[in-house]
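Source file: entry_1.txt; contents: compact mmCIF, C-alpha atoms and all ligand atoms.
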# COMPACT_ATOMS: atom_id res chain seq x y z
CA MET S 1 -37.05 -37.16 -87.78
CA PRO S 2 -38.41 -39.60 -90.44
CA ASN S 3 -39.54 -38.10 -93.72
CA THR S 4 -43.33 -38.49 -93.84
CA ALA S 5 -43.87 -36.23 -96.86
CA THR S 6 -45.64 -37.66 -99.90
CA TYR S 7 -45.66 -36.99 -103.64
CA ASP S 8 -48.86 -36.87 -105.68
CA CYS S 9 -49.04 -37.34 -109.45
CA PRO S 10 -51.60 -34.93 -110.94
CA VAL S 11 -51.86 -37.12 -114.08
CA CYS S 12 -52.78 -40.55 -112.61
CA SER S 13 -53.30 -39.67 -108.89
CA THR S 14 -50.67 -42.14 -107.64
CA THR S 15 -49.14 -41.21 -104.27
CA TYR S 16 -45.54 -42.02 -103.29
CA PRO S 17 -43.67 -41.63 -100.00
CA ALA S 18 -40.92 -39.02 -100.44
CA ALA S 19 -38.46 -41.34 -98.70
CA ARG S 20 -36.53 -42.41 -101.79
CA PRO S 21 -34.99 -40.47 -104.69
CA ILE S 22 -37.52 -40.30 -107.53
CA TRP S 23 -38.17 -37.36 -109.82
CA ARG S 24 -41.31 -38.36 -111.71
CA CYS S 25 -44.22 -40.79 -111.63
CA ALA S 26 -44.10 -44.22 -113.25
CA CYS S 27 -46.71 -42.86 -115.70
CA GLY S 28 -44.29 -40.12 -116.80
CA GLY S 29 -46.17 -37.31 -115.05
CA HIS S 30 -44.48 -34.80 -112.74
CA LEU S 31 -44.90 -35.10 -108.99
CA ASN S 32 -46.05 -32.48 -106.51
CA LEU S 33 -45.26 -32.49 -102.81
CA GLY S 34 -48.34 -32.82 -100.60
CA PRO S 35 -49.26 -29.94 -98.26
CA GLY S 36 -46.83 -29.37 -95.39
CA PRO S 37 -47.51 -28.28 -91.81
CA GLY S 38 -46.51 -24.69 -92.62
CA LEU S 39 -44.79 -22.22 -90.37
CA GLY S 40 -45.72 -19.88 -87.55
CA ARG S 41 -43.58 -16.90 -86.52
CA ASP S 42 -42.62 -18.66 -83.26
CA ASP S 43 -41.07 -21.50 -85.29
CA ILE S 44 -38.39 -19.24 -86.82
CA ASN S 45 -34.80 -19.67 -85.63
CA GLY S 46 -33.79 -16.01 -85.75
CA ALA S 47 -30.15 -16.83 -84.96
CA ASP S 48 -29.72 -18.48 -88.37
CA ALA S 49 -29.10 -15.90 -91.15
CA SER S 50 -30.02 -18.32 -93.93
CA LEU S 51 -33.18 -19.99 -95.22
CA TRP S 52 -32.59 -22.71 -92.62
CA ARG S 53 -34.09 -20.30 -90.07
CA TYR S 54 -37.35 -21.77 -91.48
CA ARG S 55 -36.28 -25.40 -91.08
CA ALA S 56 -39.36 -26.16 -88.95
CA GLY S 57 -41.54 -25.52 -92.01
CA LEU S 58 -39.49 -27.61 -94.45
CA ALA S 59 -40.04 -31.27 -95.32
CA VAL S 60 -36.37 -32.03 -94.62
CA GLY S 61 -35.80 -34.24 -91.60
CA GLY S 62 -32.68 -33.20 -89.71
CA MET S 63 -30.15 -30.41 -89.81
CA PRO S 64 -28.91 -29.52 -93.31
CA ARG S 65 -25.88 -31.59 -94.33
CA VAL S 66 -24.72 -28.97 -96.78
CA SER S 67 -25.31 -25.20 -96.71
CA LEU S 68 -23.47 -22.23 -98.19
CA GLY S 69 -25.51 -19.68 -96.26
CA GLU S 70 -28.29 -19.44 -98.90
CA GLY S 71 -31.32 -17.25 -98.27
CA TRP S 72 -31.96 -14.23 -96.04
CA THR S 73 -31.19 -11.97 -98.99
CA PRO S 74 -31.54 -8.17 -98.80
CA LEU S 75 -34.83 -6.38 -99.47
CA VAL S 76 -34.07 -2.80 -100.50
CA THR S 77 -36.45 0.03 -101.38
CA ARG S 78 -35.68 2.17 -104.44
CA ASP S 79 -37.78 4.64 -106.42
CA TRP S 80 -39.06 3.21 -109.72
CA ASP S 81 -41.13 5.49 -111.99
CA GLY S 82 -42.20 7.52 -108.93
CA ALA S 83 -43.21 4.51 -106.83
CA PRO S 84 -41.36 3.06 -103.83
CA VAL S 85 -40.58 -0.51 -104.88
CA ARG S 86 -38.91 -3.14 -102.75
CA PHE S 87 -36.32 -5.12 -104.68
CA LYS S 88 -35.57 -8.62 -103.40
CA LEU S 89 -31.93 -9.30 -104.16
CA GLU S 90 -31.92 -13.02 -104.90
CA SER S 91 -28.90 -12.15 -107.02
CA GLN S 92 -26.91 -12.09 -103.77
CA MET S 93 -27.18 -15.84 -103.18
CA PRO S 94 -23.97 -17.93 -102.91
CA THR S 95 -23.94 -18.70 -106.67
CA GLY S 96 -25.51 -15.40 -107.76
CA SER S 97 -29.06 -16.55 -108.48
CA PHE S 98 -32.31 -17.46 -106.72
CA LYS S 99 -31.78 -21.11 -107.65
CA ASP S 100 -29.77 -21.73 -104.48
CA ARG S 101 -32.97 -21.79 -102.40
CA GLY S 102 -34.35 -24.70 -104.38
CA THR S 103 -31.02 -26.45 -104.89
CA ALA S 104 -30.03 -26.39 -101.21
CA VAL S 105 -33.33 -27.86 -100.02
CA MET S 106 -33.52 -30.40 -102.90
CA LEU S 107 -29.94 -31.57 -102.38
CA ASN S 108 -30.32 -31.90 -98.62
CA HIS S 109 -33.43 -33.99 -99.21
CA LEU S 110 -31.56 -36.17 -101.72
CA LEU S 111 -28.65 -36.62 -99.31
CA GLU S 112 -31.13 -37.61 -96.62
CA VAL S 113 -32.84 -40.28 -98.75
CA GLY S 114 -29.57 -41.46 -100.28
CA VAL S 115 -28.24 -40.41 -103.67
CA GLY S 116 -24.99 -40.92 -105.59
CA PRO S 117 -23.83 -39.08 -108.72
CA ILE S 118 -26.31 -36.53 -110.10
CA HIS S 119 -26.92 -34.76 -113.38
CA GLU S 120 -29.29 -32.21 -114.83
CA ASP S 121 -29.90 -29.79 -117.69
CA SER S 122 -29.99 -26.04 -117.28
CA SER S 123 -29.84 -22.78 -119.20
CA GLY S 124 -27.00 -21.92 -116.80
CA ASN S 125 -28.00 -20.66 -113.35
CA ALA S 126 -29.56 -23.87 -112.03
CA GLY S 127 -26.61 -25.81 -113.40
CA SER S 128 -24.07 -23.59 -111.67
CA SER S 129 -26.11 -23.80 -108.47
CA LEU S 130 -26.37 -27.61 -108.56
CA ALA S 131 -22.71 -28.02 -109.52
CA THR S 132 -21.65 -25.79 -106.63
CA TYR S 133 -23.79 -27.55 -104.02
CA ALA S 134 -22.75 -30.97 -105.36
CA ALA S 135 -19.13 -29.88 -104.89
CA ALA S 136 -19.87 -28.78 -101.33
CA ALA S 137 -21.54 -32.14 -100.66
CA GLY S 138 -18.77 -34.16 -102.34
CA LEU S 139 -21.10 -35.57 -105.04
CA ARG S 140 -20.13 -36.22 -108.64
CA CYS S 141 -22.15 -33.97 -110.99
CA ARG S 142 -22.71 -33.55 -114.74
CA ILE S 143 -24.56 -30.57 -116.26
CA TYR S 144 -26.04 -30.37 -119.77
CA VAL S 145 -26.14 -26.78 -121.01
CA PRO S 146 -27.07 -25.10 -124.30
CA ALA S 147 -23.94 -24.44 -126.36
CA THR S 148 -25.13 -20.82 -126.41
CA ALA S 149 -25.35 -20.47 -122.59
CA PRO S 150 -23.57 -17.40 -121.19
CA ARG S 151 -19.87 -18.15 -120.78
CA ALA S 152 -19.76 -17.04 -117.14
CA LYS S 153 -22.37 -19.65 -116.20
CA ILE S 154 -20.50 -22.46 -117.98
CA VAL S 155 -17.23 -21.35 -116.33
CA GLN S 156 -18.98 -21.38 -112.95
CA ILE S 157 -20.14 -24.98 -113.49
CA ALA S 158 -16.66 -26.07 -114.55
CA ALA S 159 -15.01 -24.29 -111.63
CA ALA S 160 -17.10 -26.38 -109.24
CA GLY S 161 -15.55 -29.47 -110.78
CA ALA S 162 -18.68 -30.68 -112.56
CA GLU S 163 -18.58 -32.21 -116.02
CA VAL S 164 -20.02 -29.78 -118.59
CA ARG S 165 -21.83 -31.17 -121.64
CA ALA S 166 -22.59 -28.37 -124.11
CA ILE S 167 -25.48 -29.35 -126.41
CA ALA S 168 -26.18 -27.68 -129.77
CA GLY S 169 -29.75 -26.87 -130.75
CA SER S 170 -32.78 -25.79 -128.75
CA ARG S 171 -33.18 -25.72 -124.95
CA GLN S 172 -35.48 -28.71 -125.40
CA ALA S 173 -32.61 -30.62 -127.06
CA VAL S 174 -30.55 -30.05 -123.91
CA THR S 175 -33.32 -31.55 -121.79
CA GLU S 176 -33.60 -34.53 -124.13
CA ALA S 177 -29.84 -35.13 -123.78
CA ALA S 178 -30.12 -35.12 -119.98
CA LEU S 179 -33.13 -37.45 -120.07
CA ALA S 180 -31.21 -39.86 -122.29
CA ALA S 181 -28.26 -39.97 -119.87
CA THR S 182 -27.47 -43.41 -118.53
CA GLY S 183 -24.98 -44.87 -116.08
CA GLY S 184 -26.60 -44.81 -112.68
CA SER S 185 -26.67 -41.07 -112.22
CA PHE S 186 -29.79 -39.48 -110.66
CA TYR S 187 -31.63 -36.79 -112.65
CA ALA S 188 -31.66 -34.00 -110.05
CA SER S 189 -33.73 -31.66 -112.17
CA HIS S 190 -34.72 -28.32 -110.70
CA ASN S 191 -37.62 -28.25 -113.16
CA TRP S 192 -38.98 -31.67 -112.21
CA HIS S 193 -38.05 -32.37 -108.60
CA PRO S 194 -40.77 -31.32 -106.11
CA PHE S 195 -38.23 -30.45 -103.41
CA PHE S 196 -36.87 -27.60 -105.52
CA ILE S 197 -40.22 -25.83 -104.95
CA GLU S 198 -40.06 -26.75 -101.27
CA GLY S 199 -36.92 -24.59 -101.26
CA THR S 200 -38.27 -21.67 -103.28
CA LYS S 201 -41.24 -21.41 -100.89
CA THR S 202 -38.86 -19.89 -98.35
CA LEU S 203 -38.98 -16.74 -100.51
CA ALA S 204 -42.58 -16.30 -99.29
CA TYR S 205 -41.60 -16.86 -95.66
CA GLU S 206 -38.72 -14.44 -95.98
CA LEU S 207 -40.69 -11.60 -97.60
CA TRP S 208 -43.39 -11.99 -94.93
CA GLU S 209 -40.82 -11.83 -92.12
CA GLN S 210 -38.86 -8.93 -93.67
CA LEU S 211 -42.08 -6.92 -94.06
CA GLY S 212 -42.79 -7.28 -90.31
CA PHE S 213 -44.93 -10.43 -90.70
CA GLN S 214 -47.12 -8.91 -93.40
CA ALA S 215 -47.79 -10.12 -96.92
CA PRO S 216 -47.06 -7.56 -99.66
CA ASP S 217 -49.73 -6.47 -102.17
CA ASN S 218 -47.85 -7.47 -105.35
CA ILE S 219 -44.88 -9.64 -106.26
CA LEU S 220 -43.30 -9.55 -109.73
CA VAL S 221 -41.11 -12.51 -110.67
CA PRO S 222 -39.17 -13.22 -113.88
CA THR S 223 -40.62 -16.59 -114.86
CA GLY S 224 -39.37 -19.42 -117.07
CA TYR S 225 -40.61 -22.70 -115.57
CA GLY S 226 -42.35 -20.97 -112.65
CA SER S 227 -40.58 -22.44 -109.62
CA ASN S 228 -40.65 -19.10 -107.78
CA ILE S 229 -44.37 -18.60 -108.54
CA LEU S 230 -45.12 -22.11 -107.24
CA GLY S 231 -42.86 -21.59 -104.21
CA LEU S 232 -44.54 -18.26 -103.37
CA ASP S 233 -47.97 -19.84 -103.78
CA ARG S 234 -47.02 -22.75 -101.51
CA GLY S 235 -45.38 -20.54 -98.89
CA PHE S 236 -48.18 -17.97 -98.65
CA ASP S 237 -50.76 -20.76 -98.65
CA GLU S 238 -49.03 -22.33 -95.65
CA LEU S 239 -48.87 -18.99 -93.84
CA ALA S 240 -52.58 -18.40 -94.50
CA ARG S 241 -53.50 -21.86 -93.23
CA ARG S 242 -51.53 -21.20 -90.04
CA GLY S 243 -53.40 -17.91 -89.58
CA GLU S 244 -50.22 -15.82 -90.01
CA ILE S 245 -51.68 -13.79 -92.92
CA THR S 246 -55.24 -12.93 -93.83
CA ARG S 247 -54.74 -11.93 -97.46
CA ARG S 248 -52.52 -13.27 -100.21
CA PRO S 249 -50.32 -11.13 -102.48
CA ARG S 250 -51.03 -10.85 -106.20
CA LEU S 251 -48.38 -12.79 -108.10
CA PHE S 252 -47.25 -11.54 -111.51
CA ALA S 253 -45.20 -13.86 -113.74
CA VAL S 254 -42.89 -11.74 -115.88
CA GLN S 255 -41.88 -13.17 -119.23
CA ALA S 256 -39.95 -12.03 -122.27
CA GLU S 257 -42.53 -11.44 -125.01
CA ASN S 258 -40.31 -13.36 -127.46
CA CYS S 259 -40.62 -16.60 -125.50
CA ALA S 260 -43.68 -16.50 -123.27
CA ALA S 261 -45.40 -19.85 -122.65
CA PHE S 262 -47.49 -18.61 -119.73
CA ALA S 263 -48.51 -15.42 -121.56
CA ALA S 264 -49.72 -17.51 -124.53
CA ALA S 265 -51.93 -19.62 -122.25
CA TRP S 266 -53.07 -16.58 -120.22
CA VAL S 267 -54.16 -14.60 -123.29
CA ALA S 268 -56.01 -17.66 -124.60
CA GLY S 269 -57.78 -18.07 -121.25
CA ALA S 270 -56.47 -21.64 -121.17
CA ALA S 271 -55.96 -23.78 -118.07
CA ASP S 272 -52.92 -25.54 -119.49
CA TYR S 273 -50.19 -25.33 -122.14
CA VAL S 274 -50.92 -23.61 -125.46
CA PRO S 275 -48.42 -24.04 -128.34
CA PHE S 276 -46.65 -20.88 -129.45
CA VAL S 277 -43.72 -19.88 -131.66
CA PRO S 278 -40.65 -19.04 -129.55
CA GLN S 279 -38.15 -16.44 -130.69
CA ALA S 280 -34.72 -15.52 -129.37
CA THR S 281 -34.50 -13.27 -126.30
CA VAL S 282 -31.70 -11.64 -124.34
CA ALA S 283 -33.46 -12.99 -121.21
CA ASP S 284 -31.89 -16.46 -121.63
CA GLY S 285 -32.81 -17.64 -118.13
CA ILE S 286 -36.56 -17.54 -118.82
CA ALA S 287 -36.59 -18.67 -122.47
CA THR S 288 -38.69 -21.74 -121.62
CA VAL S 289 -40.60 -23.39 -124.43
CA LYS S 290 -42.41 -26.11 -122.47
CA PRO S 291 -42.75 -25.60 -118.69
CA VAL S 292 -43.28 -28.77 -116.63
CA ARG S 293 -46.07 -27.46 -114.37
CA THR S 294 -47.95 -25.07 -116.67
CA ALA S 295 -51.39 -25.79 -115.20
CA GLU S 296 -50.20 -25.36 -111.62
CA VAL S 297 -48.49 -22.03 -112.39
CA LEU S 298 -51.56 -20.67 -114.21
CA MET S 299 -53.77 -21.74 -111.30
CA ALA S 300 -51.47 -20.06 -108.77
CA LEU S 301 -51.55 -16.80 -110.77
CA ARG S 302 -55.37 -16.88 -111.07
CA HIS S 303 -55.81 -17.83 -107.42
CA SER S 304 -53.67 -14.84 -106.41
CA GLN S 305 -55.63 -12.50 -108.74
CA GLY S 306 -52.35 -11.56 -110.39
CA GLY S 307 -51.39 -12.28 -113.96
CA VAL S 308 -48.73 -12.56 -116.63
CA VAL S 309 -46.73 -9.64 -117.99
CA ALA S 310 -44.98 -10.11 -121.35
CA VAL S 311 -42.13 -7.64 -121.76
CA PRO S 312 -41.15 -6.41 -125.25
CA GLU S 313 -37.55 -7.26 -126.11
CA ALA S 314 -36.68 -3.59 -126.66
CA GLU S 315 -37.58 -2.71 -123.06
CA ILE S 316 -35.26 -5.21 -121.34
CA GLY S 317 -31.95 -3.43 -122.00
CA PRO S 318 -33.17 0.01 -120.85
CA ALA S 319 -34.64 -1.58 -117.69
CA LEU S 320 -31.29 -3.25 -116.97
CA ILE S 321 -29.46 0.06 -117.35
CA ALA S 322 -32.02 1.86 -115.16
CA LEU S 323 -31.63 -0.80 -112.45
CA GLY S 324 -27.84 -0.48 -112.68
CA ARG S 325 -28.13 3.24 -112.02
CA LEU S 326 -30.05 2.45 -108.83
CA GLY S 327 -27.15 0.25 -107.69
CA LEU S 328 -28.87 -2.96 -108.75
CA PHE S 329 -26.59 -4.88 -111.13
CA VAL S 330 -28.58 -7.74 -112.63
CA GLU S 331 -28.57 -10.05 -115.63
CA PRO S 332 -31.01 -9.37 -118.52
CA THR S 333 -33.40 -12.10 -117.30
CA ALA S 334 -33.81 -10.30 -113.96
CA ALA S 335 -34.15 -6.91 -115.66
CA THR S 336 -37.49 -8.02 -117.15
CA ALA S 337 -38.92 -7.34 -113.66
CA GLY S 338 -38.04 -3.65 -114.06
CA ALA S 339 -39.70 -3.43 -117.47
CA ALA S 340 -42.79 -5.17 -116.09
CA LEU S 341 -42.94 -2.78 -113.13
CA SER S 342 -43.08 0.17 -115.54
CA GLN S 343 -45.85 -1.51 -117.52
CA LEU S 344 -48.03 -2.30 -114.47
CA LEU S 345 -47.52 1.14 -112.90
CA ARG S 346 -48.28 2.85 -116.22
CA ASP S 347 -51.55 0.98 -116.82
CA GLY S 348 -52.65 1.32 -113.17
CA THR S 349 -52.67 -2.41 -112.37
CA ILE S 350 -50.49 -1.62 -109.37
CA GLY S 351 -50.55 1.66 -107.48
CA PRO S 352 -47.64 3.64 -105.98
CA ASP S 353 -49.28 3.38 -102.54
CA GLN S 354 -49.17 -0.43 -102.58
CA THR S 355 -46.41 -2.67 -101.23
CA THR S 356 -44.78 -4.07 -104.34
CA ILE S 357 -41.89 -6.51 -104.53
CA ALA S 358 -39.74 -7.05 -107.63
CA VAL S 359 -37.65 -10.21 -107.39
CA LEU S 360 -34.22 -9.75 -108.95
CA THR S 361 -33.32 -13.32 -109.75
CA GLY S 362 -29.74 -13.23 -111.08
CA HIS S 363 -26.54 -11.22 -110.75
CA GLY S 364 -25.13 -9.02 -113.53
CA LEU S 365 -21.76 -10.79 -113.39
CA LYS S 366 -23.56 -13.82 -114.85
CA ALA S 367 -23.91 -11.99 -118.16
CA ALA S 368 -21.22 -9.32 -118.17
CA ASP S 369 -20.50 -9.82 -121.92
CA LYS S 370 -24.11 -9.26 -122.92
CA ILE S 371 -24.47 -6.27 -120.60
CA GLY S 372 -21.29 -4.81 -122.10
CA GLU S 373 -22.95 -4.98 -125.52
CA LEU S 374 -26.03 -3.17 -124.16
CA LEU S 375 -23.73 -0.44 -122.86
CA GLY S 376 -21.87 -0.25 -126.18
CA ARG S 377 -18.75 -1.77 -124.60
CA SER S 378 -18.43 -5.05 -126.44
ZN ZN S 401 -48.69 -40.68 -112.62
Will you turn the file into structure tokens for me?
Ligand SMILES: [Zn+2]
Amino acid sequence: MPNTATYDCPVCSTTYPAARPIWRCACGGHLNLGPGPGLGRDDINGADASLWRYRAGLAVGGMPRVSLGEGWTPLVTRDWDGAPVRFKLESQMPTGSFKDRGTAVMLNHLLEVGVGPIHEDSSGNAGSSLATYAAAAGLRCRIYVPATAPRAKIVQIAAAGAEVRAIAGSRQAVTEAALAATGGSFYASHNWHPFFIEGTKTLAYELWEQLGFQAPDNILVPTGYGSNILGLDRGFDELARRGEITRRPRLFAVQAENCAAFAAAWVAGAADYVPFVPQATVADGIATVKPVRTAEVLMALRHSQGGVVAVPEAEIGPALIALGRLGLFVEPTAATAGAALSQLLRDGTIGPDQTTIAVLTGHGLKAADKIGELLGRS
């Protein structure tokens, strides 16, 4: 099947066919994938226990060339502050984080349109995901990471055979290093490439199917750049347009108060990025200073009638320990969802009678050293 998808630049309105590997517009703006045909319940291949059961709704032409069984993660109900909450265990992906949804779909698209060596920058999880899928596809891969990235994530990248470039300084400095890379390698950035969001949209499909073809009332997602928020927005929008759902869930972007770009814009009532002063946070996976699609994420949150929850640093560790005692072993970034749940239940924004999803984005083994310190076992 030929790829007829198109990219639109929200800055200069140029449209491109998605049939060759590009990651941004000639004007420097980011690209968004045009609306897809969506998915109906009869289009699902129920025999496939991975996100490729939704292949009919994805802008990828043929069968996937590389898959590690990503997607179709467990949805388990546990009691949280007296409310039944459904936890979506994206931590149980092949590389231990939600990134595999986006990586698998992005990489299969890139293989389809023709790509050679690839590189990208990452705080850790996206890098280990891309390195792993590149290894599975037989592609050469180089990952730029902060020198301070959790050791387990760097080890995971190296174990996949990718070249690791540790960069001192801020997260932004790591991005600059990747952007300055030369030598014919393609910048396969999970933060820039539109097909990463095409992959994360399967989270919406999957929640809808696992809830018996119903949309939940609320979804809480730890948010750095916002690819899960944008994927959920895209997926539920497609389901609504196909008549599969009649109401959309409220989306809540969960951030660490110490580094909260979306919270800064939300509080200011702004439609786009608002400068703020970032501070260190234990939630390294969402310590994003300058998201690529700030306006789109804010619009998705407003459109869903959800919002942004900024979690105080002191509440992240206790939430992680409380999740652990429910059998949910997650990294500090994912534990922000637990702290946000408590906040929204306490102030009545969400009720115990509603269907609420907390997305647990990354596995505890990703940050065992840091969790050991929280437990007094350093
Ligand atoms: Zn442009």
Using all atoms listed in the file, find the one residue out of S:Arg24, S:Gly269, S:Gly62, S:Thr4 that sits nearest to ligand ZN 401 (chain S). S:Arg24
Within 12 Å of ligand ZN 401 (chain S), which residues of chain S show up? Give each one with its shortest atom-to-atom distance in Å (one decimal) and the two atoms involved, counting all atoms listed in the file, rows by chain then rising residue number, as JSON lines.
{"residue": "S:Tyr7", "atom": "CA", "partner": "S:ZN401", "partner_atom": "ZN", "distance": 10.2}
{"residue": "S:Asp8", "atom": "CA", "partner": "S:ZN401", "partner_atom": "ZN", "distance": 7.9}
{"residue": "S:Cys9", "atom": "CA", "partner": "S:ZN401", "partner_atom": "ZN", "distance": 4.6}
{"residue": "S:Pro10", "atom": "CA", "partner": "S:ZN401", "partner_atom": "ZN", "distance": 6.7}
{"residue": "S:Val11", "atom": "CA", "partner": "S:ZN401", "partner_atom": "ZN", "distance": 5.0}
{"residue": "S:Cys12", "atom": "CA", "partner": "S:ZN401", "partner_atom": "ZN", "distance": 4.1}
{"residue": "S:Ser13", "atom": "CA", "partner": "S:ZN401", "partner_atom": "ZN", "distance": 6.0}
{"residue": "S:Thr14", "atom": "CA", "partner": "S:ZN401", "partner_atom": "ZN", "distance": 5.6}
{"residue": "S:Thr15", "atom": "CA", "partner": "S:ZN401", "partner_atom": "ZN", "distance": 8.4}
{"residue": "S:Tyr16", "atom": "CA", "partner": "S:ZN401", "partner_atom": "ZN", "distance": 9.9}
{"residue": "S:Trp23", "atom": "CA", "partner": "S:ZN401", "partner_atom": "ZN", "distance": 11.4}
{"residue": "S:Arg24", "atom": "CA", "partner": "S:ZN401", "partner_atom": "ZN", "distance": 7.8}
{"residue": "S:Cys25", "atom": "CA", "partner": "S:ZN401", "partner_atom": "ZN", "distance": 4.6}
{"residue": "S:Ala26", "atom": "CA", "partner": "S:ZN401", "partner_atom": "ZN", "distance": 5.8}
{"residue": "S:Cys27", "atom": "CA", "partner": "S:ZN401", "partner_atom": "ZN", "distance": 4.3}
{"residue": "S:Gly28", "atom": "CA", "partner": "S:ZN401", "partner_atom": "ZN", "distance": 6.1}
{"residue": "S:Gly29", "atom": "CA", "partner": "S:ZN401", "partner_atom": "ZN", "distance": 4.9}
{"residue": "S:His30", "atom": "CA", "partner": "S:ZN401", "partner_atom": "ZN", "distance": 7.2}
{"residue": "S:Leu31", "atom": "CA", "partner": "S:ZN401", "partner_atom": "ZN", "distance": 7.7}
{"residue": "S:Asn32", "atom": "CA", "partner": "S:ZN401", "partner_atom": "ZN", "distance": 10.6}
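In this comparison, which uses only C-alpha atoms, the residue of S:Val221, S:Leu239, S:Leu179, S:Val297 approaching Ala204 of chain S most closely is S:Leu239.
Coordinates place atom CA of Met106 of chain S at a distance of 26.7 Å from atom CA of Ala260 of chain S.
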Within 10 Å of (-40.7, -22.4, -102.0) (file coordinates; only C-alpha atoms), which protein or nucleic acid residues are there? I'd like them as number ranges by chain. S: 58, 101-102, 105, 194-205, 227-236
Expected file contents, prior selection, C-alpha atoms, as an mmCIF file, in the coordinates of the input:
data_model
loop_
_atom_site.group_PDB
_atom_site.id
_atom_site.type_symbol
_atom_site.label_atom_id
_atom_site.label_comp_id
_atom_site.auth_asym_id
_atom_site.auth_seq_id
_atom_site.Cartn_x
_atom_site.Cartn_y
_atom_site.Cartn_z
ATOM 1 C CA LEU S 58 -39.490 -27.610 -94.450
ATOM 2 C CA ARG S 101 -32.970 -21.790 -102.400
ATOM 3 C CA GLY S 102 -34.350 -24.700 -104.380
ATOM 4 C CA VAL S 105 -33.330 -27.860 -100.020
ATOM 5 C CA PRO S 194 -40.770 -31.320 -106.110
ATOM 6 C CA PHE S 195 -38.230 -30.450 -103.410
ATOM 7 C CA PHE S 196 -36.870 -27.600 -105.520
ATOM 8 C CA ILE S 197 -40.220 -25.830 -104.950
ATOM 9 C CA GLU S 198 -40.060 -26.750 -101.270
ATOM 10 C CA GLY S 199 -36.920 -24.590 -101.260
ATOM 11 C CA THR S 200 -38.270 -21.670 -103.280
ATOM 12 C CA LYS S 201 -41.240 -21.410 -100.890
ATOM 13 C CA THR S 202 -38.860 -19.890 -98.350
ATOM 14 C CA LEU S 203 -38.980 -16.740 -100.510
ATOM 15 C CA ALA S 204 -42.580 -16.300 -99.290
ATOM 16 C CA TYR S 205 -41.600 -16.860 -95.660
ATOM 17 C CA SER S 227 -40.580 -22.440 -109.620
ATOM 18 C CA ASN S 228 -40.650 -19.100 -107.780
ATOM 19 C CA ILE S 229 -44.370 -18.600 -108.540
ATOM 20 C CA LEU S 230 -45.120 -22.110 -107.240
ATOM 21 C CA GLY S 231 -42.860 -21.590 -104.210
ATOM 22 C CA LEU S 232 -44.540 -18.260 -103.370
ATOM 23 C CA ASP S 233 -47.970 -19.840 -103.780
ATOM 24 C CA ARG S 234 -47.020 -22.750 -101.510
ATOM 25 C CA GLY S 235 -45.380 -20.540 -98.890
ATOM 26 C CA PHE S 236 -48.180 -17.970 -98.650
#
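Interatomic distance, atom CA of Ala335 of chain S to atom CA of Leu374 of chain S: 12.3 Å.
A straight line drawn from atom CA of Glu120 of chain S to atom CA of Thr333 of chain S is 20.7 Å long.
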Excluding same-chain residues fewer than 5 positions from segment 90-94 of chain S, what lies within 7 Å of it counting all atoms listed in the file, as a VMD selection string? chain S and resid 68 70 to 71 73 100 359 to 363
Expected file contents, prior selection, C-alpha atoms, as a PDB file, in the coordinates of the input:
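Full text of part35.pdb as output:
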ATOM      1  CA  LEU S  68     -23.470 -22.230 -98.190  1.00  0.00           C
ATOM      2  CA  GLU S  70     -28.290 -19.440 -98.900  1.00  0.00           C
ATOM      3  CA  GLY S  71     -31.320 -17.250 -98.270  1.00  0.00           C
ATOM      4  CA  THR S  73     -31.190 -11.970 -98.990  1.00  0.00           C
ATOM      5  CA  ASP S 100     -29.770 -21.730-104.480  1.00  0.00           C
ATOM      6  CA  VAL S 359     -37.650 -10.210-107.390  1.00  0.00           C
ATOM      7  CA  LEU S 360     -34.220  -9.750-108.950  1.00  0.00           C
ATOM      8  CA  THR S 361     -33.320 -13.320-109.750  1.00  0.00           C
ATOM      9  CA  GLY S 362     -29.740 -13.230-111.080  1.00  0.00           C
ATOM     10  CA  HIS S 363     -26.540 -11.220-110.750  1.00  0.00           C
TER      11      HIS S 363
END
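When all atoms listed in the file are used to compute distances to Val76 of chain S, the closest of the residues S:Leu89, S:Ile321, S:Leu298, S:Val155 turns out to be S:Leu89.
Closest approach to Gly116 of chain S among S:Ala188, S:Val309, S:Val330, S:Ala168: S:Ala188, based on all atoms listed in the file.
Nearest residue to Asn45 of chain S, choosing from S:Glu238, S:Ala177, S:Glu209, S:Ala337 and counting all atoms listed in the file: S:Glu209.
Ranking S:Pro150, S:Ala83, S:Ala135, S:Leu39 by their shortest atom-to-atom distance to Leu344 of chain S, with all atoms listed in the file included, puts S:Ala83 first.
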With 6 Å of padding per side, what axis-aligned box (centre and edge lengths, Å, one decimal) covers all the listed atoms of segment 320-335 of chain S? Give it as AutoDock Vina command-line options.
--center_x -30.4 --center_y -4.4 --center_z -113.1 --size_x 19.6 --size_y 27.3 --size_z 22.8
For segment 290-292 of chain S, please output as a ChimeraX atom specification all residues within 9 Å (counting all atoms listed in the file; exclusion window: fewer than 3 positions along the same chain). /S:30,172,191-192,224-226,261-262,273,275,295
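When the distance limit is 7 Å and only C-alpha atoms are what count, the residues near Arg86 of chain S, minus those fewer than 4 positions from it on the same chain, are Leu75, Val76, Thr77, Arg78, Thr356, Ile357 and Ala358 of chain S.
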